[in-house]
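Have a look at model_13.cif; it's mmCIF, C-alpha atoms:
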data_final
#
loop_
_atom_site.label_atom_id
_atom_site.label_comp_id
_atom_site.auth_asym_id
_atom_site.auth_seq_id
_atom_site.Cartn_x
_atom_site.Cartn_y
_atom_site.Cartn_z
CA MET A 1 13.08 1.32 16.75
CA SER A 2 15.42 4.20 17.46
CA ASP A 3 14.92 7.89 18.05
CA ASP A 4 18.43 8.72 16.91
CA ILE A 5 18.57 11.28 14.19
CA ARG A 6 21.53 11.70 11.83
CA PRO A 7 22.98 14.99 10.66
CA HIS A 8 20.68 16.81 8.19
CA GLU A 9 17.66 14.67 9.08
CA VAL A 10 14.39 16.42 9.97
CA ALA A 11 11.66 15.01 12.23
CA VAL A 12 8.13 16.40 12.64
CA ALA A 13 5.52 15.95 15.34
CA LEU A 14 3.13 13.18 14.39
CA PRO A 15 -0.61 13.91 14.32
CA ASP A 16 -2.44 13.39 17.61
CA SER A 17 -4.54 10.56 16.24
CA PRO A 18 -4.75 8.40 13.14
CA ASP A 19 -7.30 9.03 10.40
CA ALA A 20 -8.07 5.37 9.65
CA GLY A 21 -7.28 1.94 11.04
CA VAL A 22 -5.44 -0.98 9.49
CA TYR A 23 -6.18 -4.61 10.30
CA PHE A 24 -3.29 -7.03 10.27
CA ILE A 25 -4.71 -9.92 8.21
CA GLY A 26 -1.85 -12.29 8.99
CA ARG A 27 1.88 -12.55 9.44
CA ILE A 28 4.76 -13.04 7.01
CA ARG A 29 7.25 -15.79 7.84
CA THR A 30 10.69 -15.32 6.32
CA PRO A 31 14.20 -16.66 7.02
CA TRP A 32 15.39 -13.24 8.29
CA LYS A 33 15.12 -12.61 12.01
CA THR A 34 16.44 -9.03 12.06
CA ARG A 35 16.35 -6.10 9.67
CA GLU A 36 20.11 -6.33 9.31
CA GLU A 37 19.82 -9.87 7.91
CA CYS A 38 17.21 -8.93 5.30
CA PRO A 39 18.34 -8.72 1.68
CA ARG A 40 18.48 -5.25 0.18
CA ARG A 41 15.54 -6.12 -2.05
CA GLY A 42 13.36 -9.12 -2.85
CA ASP A 43 14.71 -11.63 -5.34
CA ALA A 44 12.45 -13.73 -7.57
CA ASP A 45 14.97 -16.55 -7.09
CA GLY A 46 15.07 -16.04 -3.34
CA PRO A 47 13.67 -18.38 -0.67
CA ILE A 48 10.01 -19.24 -0.37
CA CYS A 49 8.31 -17.11 2.28
CA ARG A 50 4.94 -17.83 3.90
CA LEU A 51 1.94 -15.56 4.25
CA GLU A 52 -0.02 -16.94 7.20
CA ILE A 53 -3.55 -15.62 6.81
CA ASP A 54 -5.77 -15.16 9.86
CA PRO A 55 -8.72 -17.64 9.77
CA ARG A 56 -11.18 -14.73 9.73
CA TRP A 57 -10.10 -13.91 6.17
CA ALA A 58 -9.53 -17.49 4.92
CA GLU A 59 -12.35 -17.47 2.37
CA GLY A 60 -10.69 -14.49 0.72
CA LEU A 61 -8.14 -16.94 -0.71
CA ARG A 62 -10.73 -18.61 -2.94
CA GLY A 63 -9.42 -18.49 -6.52
CA VAL A 64 -5.90 -17.34 -5.65
CA GLN A 65 -3.78 -18.83 -8.44
CA PRO A 66 -0.31 -20.38 -8.27
CA GLN A 67 2.19 -19.42 -10.97
CA THR A 68 0.97 -15.85 -11.07
CA GLN A 69 2.45 -12.52 -10.04
CA ALA A 70 0.91 -10.96 -6.97
CA GLN A 71 1.25 -7.77 -4.96
CA VAL A 72 1.84 -8.01 -1.22
CA LEU A 73 1.30 -5.04 1.09
CA TYR A 74 2.79 -5.20 4.55
CA TRP A 75 3.29 -2.99 7.58
CA MET A 76 6.91 -2.16 8.42
CA HIS A 77 6.27 -2.26 12.15
CA GLN A 78 9.88 -1.56 13.15
CA ALA A 79 10.15 1.74 11.27
CA ARG A 80 9.76 5.16 12.82
CA ARG A 81 7.23 7.46 11.16
CA ASP A 82 8.30 11.00 11.93
CA LEU A 83 11.24 11.72 9.57
CA VAL A 84 10.46 13.95 6.60
CA VAL A 85 14.09 14.39 5.52
CA GLN A 86 16.46 11.43 5.70
CA ALA A 87 20.13 10.65 5.27
CA PRO A 88 20.03 6.94 4.44
CA ARG A 89 22.89 5.00 5.96
CA ARG A 90 23.87 3.29 2.73
CA ARG A 91 23.61 6.19 0.31
CA PRO A 92 25.30 9.59 0.11
CA VAL A 93 22.07 11.55 -0.21
CA VAL A 94 19.89 13.73 1.93
CA ALA A 95 16.36 13.66 0.59
CA GLY A 96 12.72 14.03 1.48
CA THR A 97 10.89 10.91 2.52
CA PHE A 98 8.69 11.03 -0.61
CA ALA A 99 11.82 10.94 -2.80
CA LEU A 100 12.97 7.70 -1.11
CA ARG A 101 11.70 4.13 -0.77
CA SER A 102 13.00 4.00 2.81
CA PRO A 103 10.80 2.09 5.31
CA VAL A 104 10.78 5.25 7.43
CA ARG A 105 7.67 7.21 6.34
CA PRO A 106 4.40 8.54 7.77
CA ASN A 107 2.63 5.30 6.85
CA PRO A 108 5.16 2.44 6.86
CA ILE A 109 3.43 0.43 4.14
CA ALA A 110 5.58 -1.61 1.76
CA SER A 111 4.45 -2.96 -1.60
CA SER A 112 6.30 -5.93 -3.11
CA MET A 113 5.68 -7.87 -6.29
CA VAL A 114 6.04 -11.61 -5.69
CA GLU A 115 5.68 -14.89 -7.50
CA LEU A 116 2.81 -16.83 -6.02
CA ILE A 117 3.98 -20.43 -5.62
CA GLY A 118 0.95 -22.07 -4.03
CA VAL A 119 -1.70 -22.09 -1.33
CA GLU A 120 -1.73 -24.63 1.53
CA GLY A 121 -4.80 -24.14 3.68
CA THR A 122 -4.56 -20.58 4.97
CA THR A 123 -0.87 -20.24 4.06
CA VAL A 124 0.27 -18.66 0.80
CA LEU A 125 3.77 -19.48 -0.45
CA VAL A 126 5.57 -16.72 -2.34
CA ARG A 127 9.02 -15.75 -3.60
CA GLY A 128 10.39 -12.23 -3.83
CA LEU A 129 10.02 -10.76 -0.35
CA ASP A 130 12.76 -9.09 1.69
CA CYS A 131 11.09 -8.35 5.04
CA VAL A 132 11.82 -9.50 8.56
CA ASP A 133 10.17 -12.62 10.00
CA GLY A 134 6.89 -11.80 11.73
CA THR A 135 6.07 -8.73 9.64
CA PRO A 136 2.33 -7.93 9.70
CA LEU A 137 0.54 -8.61 6.41
CA ILE A 138 -2.08 -6.12 5.27
CA ASP A 139 -3.03 -7.20 1.74
CA LEU A 140 -2.54 -9.67 -1.09
CA LYS A 141 -3.87 -8.97 -4.58
CA PRO A 142 -3.16 -9.97 -8.16
CA ALA A 143 -0.45 -7.91 -9.84
CA PRO A 144 -1.91 -5.22 -12.11
CA SER A 145 -2.17 -6.25 -15.74
CA HIS A 146 -0.51 -3.94 -18.25
CA MET B 1 -21.05 2.90 0.97
CA SER B 2 -23.63 0.16 0.83
CA ASP B 3 -24.37 -2.90 2.94
CA ASP B 4 -26.08 -4.67 0.05
CA ILE B 5 -24.66 -8.05 -0.67
CA ARG B 6 -25.03 -9.83 -4.01
CA PRO B 7 -25.74 -13.54 -4.50
CA HIS B 8 -22.73 -15.73 -3.61
CA GLU B 9 -20.94 -12.93 -1.74
CA VAL B 10 -19.67 -13.63 1.78
CA ALA B 11 -19.20 -11.03 4.54
CA VAL B 12 -17.34 -11.54 7.82
CA ALA B 13 -17.43 -9.68 11.13
CA LEU B 14 -14.64 -7.10 11.22
CA PRO B 15 -12.16 -7.16 14.12
CA ASP B 16 -13.21 -5.12 17.17
CA SER B 17 -10.32 -2.73 16.80
CA PRO B 18 -7.59 -1.86 14.31
CA ASP B 19 -4.01 -3.04 14.74
CA ALA B 20 -2.33 0.13 13.46
CA GLY B 21 -3.28 3.64 12.43
CA VAL B 22 -2.92 5.41 9.10
CA TYR B 23 -2.38 9.15 8.74
CA PHE B 24 -3.91 10.84 5.75
CA ILE B 25 -0.99 12.92 4.46
CA GLY B 26 -3.07 14.88 1.98
CA ARG B 27 -5.89 14.67 -0.53
CA ILE B 28 -6.02 13.72 -4.19
CA ARG B 29 -7.84 16.10 -6.52
CA THR B 30 -9.17 14.51 -9.70
CA PRO B 31 -11.82 15.41 -12.29
CA TRP B 32 -14.12 12.57 -11.11
CA LYS B 33 -16.72 13.45 -8.49
CA THR B 34 -18.25 9.98 -8.05
CA ARG B 35 -16.97 6.42 -8.29
CA GLU B 36 -19.24 5.86 -11.29
CA GLU B 37 -17.43 8.61 -13.22
CA CYS B 38 -13.96 7.21 -12.55
CA PRO B 39 -12.16 5.48 -15.41
CA ARG B 40 -11.79 1.71 -15.11
CA ARG B 41 -8.03 2.17 -14.66
CA GLY B 42 -5.49 4.96 -14.67
CA ASP B 43 -4.19 6.08 -18.05
CA ALA B 44 -0.71 7.53 -18.54
CA ASP B 45 -2.29 9.87 -21.11
CA GLY B 46 -5.12 10.81 -18.78
CA PRO B 47 -5.68 14.16 -17.10
CA ILE B 48 -3.26 15.69 -14.62
CA CYS B 49 -4.36 15.04 -11.04
CA ARG B 50 -3.10 16.87 -7.96
CA LEU B 51 -1.71 15.44 -4.75
CA GLU B 52 -2.26 18.14 -2.13
CA ILE B 53 0.19 17.38 0.66
CA ASP B 54 -0.56 18.50 4.22
CA PRO B 55 1.93 21.22 5.32
CA ARG B 56 3.14 18.97 8.17
CA TRP B 57 4.81 16.70 5.60
CA ALA B 58 5.93 19.38 3.12
CA GLU B 59 9.66 18.88 3.64
CA GLY B 60 9.21 15.26 2.60
CA LEU B 61 8.92 16.53 -0.99
CA ARG B 62 12.56 17.64 -1.09
CA GLY B 63 14.20 15.97 -4.08
CA VAL B 64 10.99 14.66 -5.66
CA GLN B 65 11.81 14.61 -9.38
CA PRO B 66 9.59 15.50 -12.34
CA GLN B 67 9.66 13.18 -15.36
CA THR B 68 9.95 10.10 -13.19
CA GLN B 69 7.64 7.21 -12.39
CA ALA B 70 6.23 7.20 -8.88
CA GLN B 71 4.02 5.00 -6.74
CA VAL B 72 0.99 6.52 -5.05
CA LEU B 73 -0.80 4.78 -2.19
CA TYR B 74 -4.26 5.98 -1.27
CA TRP B 75 -7.14 5.02 0.98
CA MET B 76 -10.35 3.99 -0.79
CA HIS B 77 -12.55 5.57 1.82
CA GLN B 78 -15.84 4.72 0.11
CA ALA B 79 -15.23 0.96 0.04
CA ARG B 80 -16.68 -1.51 2.54
CA ARG B 81 -14.15 -3.81 4.22
CA ASP B 82 -16.04 -6.93 5.25
CA LEU B 83 -16.45 -8.98 2.04
CA VAL B 84 -14.18 -12.00 1.68
CA VAL B 85 -15.94 -13.42 -1.38
CA GLN B 86 -17.16 -11.06 -4.08
CA ALA B 87 -19.22 -11.15 -7.26
CA PRO B 88 -17.95 -8.06 -9.08
CA ARG B 89 -20.64 -6.21 -10.95
CA ARG B 90 -18.72 -6.03 -14.20
CA ARG B 91 -17.30 -9.56 -14.38
CA PRO B 92 -18.89 -13.02 -14.40
CA VAL B 93 -16.79 -14.37 -11.54
CA VAL B 94 -17.20 -15.17 -7.89
CA ALA B 95 -13.83 -15.00 -6.18
CA GLY B 96 -12.07 -14.39 -2.92
CA THR B 97 -11.03 -10.84 -2.17
CA PHE B 98 -7.33 -11.75 -2.40
CA ALA B 99 -7.86 -13.01 -5.96
CA LEU B 100 -9.31 -9.64 -7.00
CA ARG B 101 -8.10 -6.04 -7.23
CA SER B 102 -11.51 -4.78 -6.11
CA PRO B 103 -11.49 -1.73 -3.80
CA VAL B 104 -13.51 -3.81 -1.34
CA ARG B 105 -10.96 -5.47 0.97
CA PRO B 106 -9.98 -5.59 4.66
CA ASN B 107 -7.59 -2.68 4.16
CA PRO B 108 -8.81 -0.51 1.29
CA ILE B 109 -5.36 0.59 0.15
CA ALA B 110 -4.77 1.19 -3.55
CA SER B 111 -1.37 1.34 -5.24
CA SER B 112 -1.04 3.17 -8.56
CA MET B 113 1.98 3.83 -10.72
CA VAL B 114 1.94 7.39 -12.05
CA GLU B 115 4.03 9.76 -14.10
CA LEU B 116 5.26 12.58 -11.91
CA ILE B 117 4.79 15.81 -13.86
CA GLY B 118 5.98 18.40 -11.39
CA VAL B 119 5.86 19.90 -7.91
CA GLU B 120 4.28 23.29 -7.16
CA GLY B 121 4.74 24.18 -3.51
CA THR B 122 3.04 21.38 -1.58
CA THR B 123 1.14 20.10 -4.62
CA VAL B 124 2.43 17.25 -6.76
CA LEU B 125 1.08 16.93 -10.31
CA VAL B 126 0.74 13.40 -11.67
CA ARG B 127 -0.87 11.45 -14.50
CA GLY B 128 -2.24 7.93 -14.31
CA LEU B 129 -4.72 7.96 -11.43
CA ASP B 130 -8.32 6.74 -11.56
CA CYS B 131 -9.71 7.62 -8.12
CA VAL B 132 -12.53 9.87 -7.00
CA ASP B 133 -11.90 13.53 -6.14
CA GLY B 134 -11.05 14.01 -2.46
CA THR B 135 -9.53 10.55 -1.95
CA PRO B 136 -7.17 10.48 1.06
CA LEU B 137 -3.49 10.16 0.13
CA ILE B 138 -1.32 7.92 2.28
CA ASP B 139 2.03 7.73 0.48
CA LEU B 140 4.14 8.83 -2.47
CA LYS B 141 7.43 7.09 -3.31
CA PRO B 142 9.67 6.53 -6.31
CA ALA B 143 8.68 3.56 -8.47
CA PRO B 144 10.82 0.50 -7.73
CA SER B 145 13.75 0.09 -10.09
CA HIS B 146 13.98 -3.25 -11.90
#
Take the structure from the file and write it as structure tokens.
Amino acid sequence: MSDDIRPHEVAVALPDSPDAGVYFIGRIRTPWKTREECPRRGDADGPICRLEIDPRWAEGLRGVQPQTQAQVLYWMHQARRDLVVQAPRRRPVVAGTFALRSPVRPNPIASSMVELIGVEGTTVLVRGLDCVDGTPLIDLKPAPSH
Amino acid sequence: MSDDIRPHEVAVALPDSPDAGVYFIGRIRTPWKTREECPRRGDADGPICRLEIDPRWAEGLRGVQPQTQAQVLYWMHQARRDLVVQAPRRRPVVAGTFALRSPVRPNPIASSMVELIGVEGTTVLVRGLDCVDGTPLIDLKPAPSH
């Protein structure tokens, strides 16, 4: 995590205390050890990644179906939270945080759609993620039907 | 919020403390005053709802574009968090929490895709939500491109 700020970026003071608490329900295991190694976005043909669910929540996996689309929410624990205007390194824009999908945001929660490959004990195998190895998992749910 | 548990449901002890903190960045104003009044799911032709952003984060709205699809994350503050197996009232299933999109889950975070209608000061007008009036907002970002 870095406190560097690029030209045109704007940081704000964070609130003194959070309004609610998140439980990490497990960890995500991926082939990418650093943010720099991560692909730009998840690929449905990419490698299988593992959601290792904490035993406390194991029964929550009852009925989770392979060969379905699922939504994974995770906590981008390496991202700073105080930038409201950003100048992303890879794009020639300066924009508000809510106009970007940057990991840097007040609540660093990512949502990814994945293909659910299978369940082995308390581990869920999925394709389509792009996050760093060890990322905290906060939810798994079926993809919305349309 | 209720501690009632239906037949076949399973509750677990919650962790002693959270692993991370969420900031409520604003409130969602909708026409529905109770969970019972809320529609079953958001409708792109439904009423306009308002995301009232806290002034702290106002600059984050720079560049937010009307007539686009956006993703809204919110905190389902009325939902209990300790059920790992649920028997939803409206469906004849008993299933693990991670096989359901129920609001009842370890981290009661909802993700909705909405149509972004416009921005008026620190208020964002959207269609497609289905949550109760006063729901805490935790994020707004552009819909993922495919």
Top pick for closest residue to Pro144 (chain B), considering A:Cys38, A:Val22, A:Ala99, A:Ala79 and counting all atoms listed in the file:
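Among the listed residues, A:Ala99 lies closest to Pro144 (chain B).
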Find the residues in chain A near chain B: any atom within 9 Å counts, using only C-alpha atoms. Write them as a PyMOL selection string.
chain A and resi 10+12-15+17-25+56-65+73+75+83-86+94-102+105-109+111+138-144
Which neighbours of Ile117 (chain A) fall inside 9 Å, counting all atoms listed in the file, when residues of the same chain fewer than 3 positions from it are skipped, and could you give them as a ChimeraX atom specification?
/A:48,65-68,124-127
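Between CA of Asp45 (chain A) and CA of Gln78 (chain A) lies a distance of 25.7 Å.
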Selected residue of minimal separation from Glu115 (chain A) among A:Pro88, A:Gly134, A:Pro103, A:Gly46, counting all atoms listed in the file:
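Using all atoms listed in the file, Glu115 (chain A) sits closest to A:Gly46.
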Fitted copy of chain B on chain A, all Cα, as a short mmCIF file (atom, residue, chain, number, x, y, z; two decimals) with C-alpha atoms, keeping the file's coordinate frame:
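Saved the output as out_9.cif:
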data_model
loop_
_atom_site.label_atom_id
_atom_site.label_comp_id
_atom_site.auth_asym_id
_atom_site.auth_seq_id
_atom_site.Cartn_x
_atom_site.Cartn_y
_atom_site.Cartn_z
CA MET B 1 13.10 1.30 16.71
CA SER B 2 15.42 4.18 17.44
CA ASP B 3 14.93 7.89 18.05
CA ASP B 4 18.46 8.70 16.91
CA ILE B 5 18.58 11.26 14.19
CA ARG B 6 21.52 11.68 11.82
CA PRO B 7 22.98 15.00 10.64
CA HIS B 8 20.68 16.82 8.18
CA GLU B 9 17.65 14.67 9.06
CA VAL B 10 14.39 16.42 9.96
CA ALA B 11 11.66 15.01 12.23
CA VAL B 12 8.14 16.40 12.64
CA ALA B 13 5.52 15.97 15.36
CA LEU B 14 3.12 13.18 14.39
CA PRO B 15 -0.62 13.91 14.31
CA ASP B 16 -2.44 13.38 17.62
CA SER B 17 -4.54 10.58 16.24
CA PRO B 18 -4.76 8.38 13.15
CA ASP B 19 -7.30 9.01 10.40
CA ALA B 20 -8.06 5.36 9.64
CA GLY B 21 -7.27 1.93 11.04
CA VAL B 22 -5.44 -1.00 9.49
CA TYR B 23 -6.18 -4.63 10.30
CA PHE B 24 -3.29 -7.04 10.27
CA ILE B 25 -4.71 -9.91 8.21
CA GLY B 26 -1.86 -12.28 8.98
CA ARG B 27 1.89 -12.56 9.43
CA ILE B 28 4.75 -13.05 7.01
CA ARG B 29 7.25 -15.79 7.84
CA THR B 30 10.69 -15.31 6.32
CA PRO B 31 14.19 -16.66 7.03
CA TRP B 32 15.39 -13.24 8.29
CA LYS B 33 15.13 -12.61 12.03
CA THR B 34 16.45 -9.03 12.07
CA ARG B 35 16.35 -6.09 9.67
CA GLU B 36 20.13 -6.33 9.31
CA GLU B 37 19.82 -9.87 7.92
CA CYS B 38 17.22 -8.93 5.31
CA PRO B 39 18.34 -8.74 1.68
CA ARG B 40 18.51 -5.26 0.17
CA ARG B 41 15.56 -6.15 -2.08
CA GLY B 42 13.37 -9.12 -2.84
CA ASP B 43 14.71 -11.64 -5.34
CA ALA B 44 12.45 -13.73 -7.57
CA ASP B 45 14.97 -16.56 -7.07
CA GLY B 46 15.06 -16.06 -3.32
CA PRO B 47 13.67 -18.38 -0.67
CA ILE B 48 10.00 -19.25 -0.36
CA CYS B 49 8.30 -17.12 2.29
CA ARG B 50 4.93 -17.84 3.90
CA LEU B 51 1.94 -15.56 4.25
CA GLU B 52 -0.02 -16.94 7.21
CA ILE B 53 -3.55 -15.61 6.81
CA ASP B 54 -5.77 -15.16 9.87
CA PRO B 55 -8.71 -17.64 9.76
CA ARG B 56 -11.19 -14.72 9.73
CA TRP B 57 -10.10 -13.91 6.16
CA ALA B 58 -9.54 -17.47 4.92
CA GLU B 59 -12.36 -17.45 2.37
CA GLY B 60 -10.70 -14.48 0.71
CA LEU B 61 -8.15 -16.94 -0.72
CA ARG B 62 -10.74 -18.60 -2.96
CA GLY B 63 -9.43 -18.49 -6.52
CA VAL B 64 -5.90 -17.35 -5.65
CA GLN B 65 -3.79 -18.85 -8.45
CA PRO B 66 -0.32 -20.40 -8.27
CA GLN B 67 2.19 -19.44 -10.97
CA THR B 68 0.96 -15.86 -11.07
CA GLN B 69 2.45 -12.54 -10.03
CA ALA B 70 0.90 -10.96 -6.96
CA GLN B 71 1.24 -7.78 -4.95
CA VAL B 72 1.83 -8.01 -1.22
CA LEU B 73 1.30 -5.04 1.09
CA TYR B 74 2.78 -5.20 4.55
CA TRP B 75 3.29 -2.99 7.58
CA MET B 76 6.91 -2.17 8.44
CA HIS B 77 6.27 -2.25 12.14
CA GLN B 78 9.87 -1.57 13.17
CA ALA B 79 10.14 1.73 11.27
CA ARG B 80 9.76 5.16 12.85
CA ARG B 81 7.23 7.46 11.16
CA ASP B 82 8.31 11.01 11.94
CA LEU B 83 11.23 11.74 9.57
CA VAL B 84 10.46 13.96 6.60
CA VAL B 85 14.08 14.40 5.52
CA GLN B 86 16.44 11.44 5.69
CA ALA B 87 20.12 10.67 5.25
CA PRO B 88 20.04 6.96 4.44
CA ARG B 89 22.89 5.02 5.96
CA ARG B 90 23.88 3.31 2.74
CA ARG B 91 23.64 6.21 0.29
CA PRO B 92 25.32 9.62 0.11
CA VAL B 93 22.08 11.58 -0.22
CA VAL B 94 19.89 13.75 1.92
CA ALA B 95 16.35 13.67 0.58
CA GLY B 96 12.72 14.05 1.48
CA THR B 97 10.88 10.92 2.51
CA PHE B 98 8.68 11.03 -0.61
CA ALA B 99 11.80 10.93 -2.80
CA LEU B 100 12.96 7.71 -1.11
CA ARG B 101 11.69 4.14 -0.75
CA SER B 102 12.99 4.00 2.82
CA PRO B 103 10.81 2.09 5.32
CA VAL B 104 10.77 5.26 7.43
CA ARG B 105 7.67 7.21 6.34
CA PRO B 106 4.39 8.54 7.77
CA ASN B 107 2.63 5.30 6.86
CA PRO B 108 5.14 2.45 6.86
CA ILE B 109 3.43 0.43 4.14
CA ALA B 110 5.57 -1.61 1.77
CA SER B 111 4.45 -2.97 -1.60
CA SER B 112 6.29 -5.94 -3.10
CA MET B 113 5.67 -7.87 -6.28
CA VAL B 114 6.04 -11.61 -5.69
CA GLU B 115 5.69 -14.89 -7.50
CA LEU B 116 2.81 -16.84 -6.02
CA ILE B 117 3.97 -20.44 -5.62
CA GLY B 118 0.96 -22.07 -4.04
CA VAL B 119 -1.70 -22.10 -1.34
CA GLU B 120 -1.74 -24.63 1.52
CA GLY B 121 -4.81 -24.14 3.67
CA THR B 122 -4.56 -20.58 4.97
CA THR B 123 -0.88 -20.24 4.05
CA VAL B 124 0.26 -18.67 0.79
CA LEU B 125 3.76 -19.49 -0.45
CA VAL B 126 5.56 -16.73 -2.34
CA ARG B 127 9.01 -15.75 -3.60
CA GLY B 128 10.40 -12.24 -3.83
CA LEU B 129 10.02 -10.76 -0.35
CA ASP B 130 12.76 -9.09 1.68
CA CYS B 131 11.10 -8.35 5.03
CA VAL B 132 11.83 -9.50 8.56
CA ASP B 133 10.17 -12.62 10.00
CA GLY B 134 6.88 -11.81 11.74
CA THR B 135 6.07 -8.72 9.64
CA PRO B 136 2.33 -7.92 9.70
CA LEU B 137 0.55 -8.61 6.41
CA ILE B 138 -2.08 -6.13 5.28
CA ASP B 139 -3.03 -7.20 1.75
CA LEU B 140 -2.54 -9.67 -1.08
CA LYS B 141 -3.88 -8.97 -4.58
CA PRO B 142 -3.16 -9.97 -8.16
CA ALA B 143 -0.44 -7.91 -9.85
CA PRO B 144 -1.90 -5.21 -12.09
CA SER B 145 -2.13 -6.22 -15.73
CA HIS B 146 -0.43 -3.91 -18.22
#
If you measure from CA of Thr122 (chain A) to CA of Arg80 (chain B), what distance in Å do you get, rounded to one decimal?
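Atom-to-atom, CA of Thr122 (chain A) and CA of Arg80 (chain B) are spaced 22.7 Å apart.
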For CA of Ile28 (chain B) and CA of Gly121 (chain B), the interatomic separation in Å (one decimal):
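Result for CA of Ile28 (chain B) versus CA of Gly121 (chain B): 15.0 Å, one decimal.
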The PyMOL selection byres ((chain B and resi 131) around 10) applied to the shown file, residues as a PDB file with C-alpha atoms, keeping the file's coordinate frame:
ATOM      1  CA  ILE B  28      -6.020  13.720  -4.190  1.00  0.00           C
ATOM      2  CA  ARG B  29      -7.840  16.100  -6.520  1.00  0.00           C
ATOM      3  CA  THR B  30      -9.170  14.510  -9.700  1.00  0.00           C
ATOM      4  CA  PRO B  31     -11.820  15.410 -12.290  1.00  0.00           C
ATOM      5  CA  TRP B  32     -14.120  12.570 -11.110  1.00  0.00           C
ATOM      6  CA  LYS B  33     -16.720  13.450  -8.490  1.00  0.00           C
ATOM      7  CA  THR B  34     -18.250   9.980  -8.050  1.00  0.00           C
ATOM      8  CA  ARG B  35     -16.970   6.420  -8.290  1.00  0.00           C
ATOM      9  CA  GLU B  37     -17.430   8.610 -13.220  1.00  0.00           C
ATOM     10  CA  CYS B  38     -13.960   7.210 -12.550  1.00  0.00           C
ATOM     11  CA  PRO B  39     -12.160   5.480 -15.410  1.00  0.00           C
ATOM     12  CA  ARG B  40     -11.790   1.710 -15.110  1.00  0.00           C
ATOM     13  CA  ARG B  41      -8.030   2.170 -14.660  1.00  0.00           C
ATOM     14  CA  GLY B  42      -5.490   4.960 -14.670  1.00  0.00           C
ATOM     15  CA  CYS B  49      -4.360  15.040 -11.040  1.00  0.00           C
ATOM     16  CA  TYR B  74      -4.260   5.980  -1.270  1.00  0.00           C
ATOM     17  CA  TRP B  75      -7.140   5.020   0.980  1.00  0.00           C
ATOM     18  CA  MET B  76     -10.350   3.990  -0.790  1.00  0.00           C
ATOM     19  CA  ALA B 110      -4.770   1.190  -3.550  1.00  0.00           C
ATOM     20  CA  SER B 112      -1.040   3.170  -8.560  1.00  0.00           C
ATOM     21  CA  GLY B 128      -2.240   7.930 -14.310  1.00  0.00           C
ATOM     22  CA  LEU B 129      -4.720   7.960 -11.430  1.00  0.00           C
ATOM     23  CA  ASP B 130      -8.320   6.740 -11.560  1.00  0.00           C
ATOM     24  CA  VAL B 132     -12.530   9.870  -7.000  1.00  0.00           C
ATOM     25  CA  ASP B 133     -11.900  13.530  -6.140  1.00  0.00           C
ATOM     26  CA  GLY B 134     -11.050  14.010  -2.460  1.00  0.00           C
ATOM     27  CA  THR B 135      -9.530  10.550  -1.950  1.00  0.00           C
ATOM     28  CA  PRO B 136      -7.170  10.480   1.060  1.00  0.00           C
TER      29      PRO B 136
END
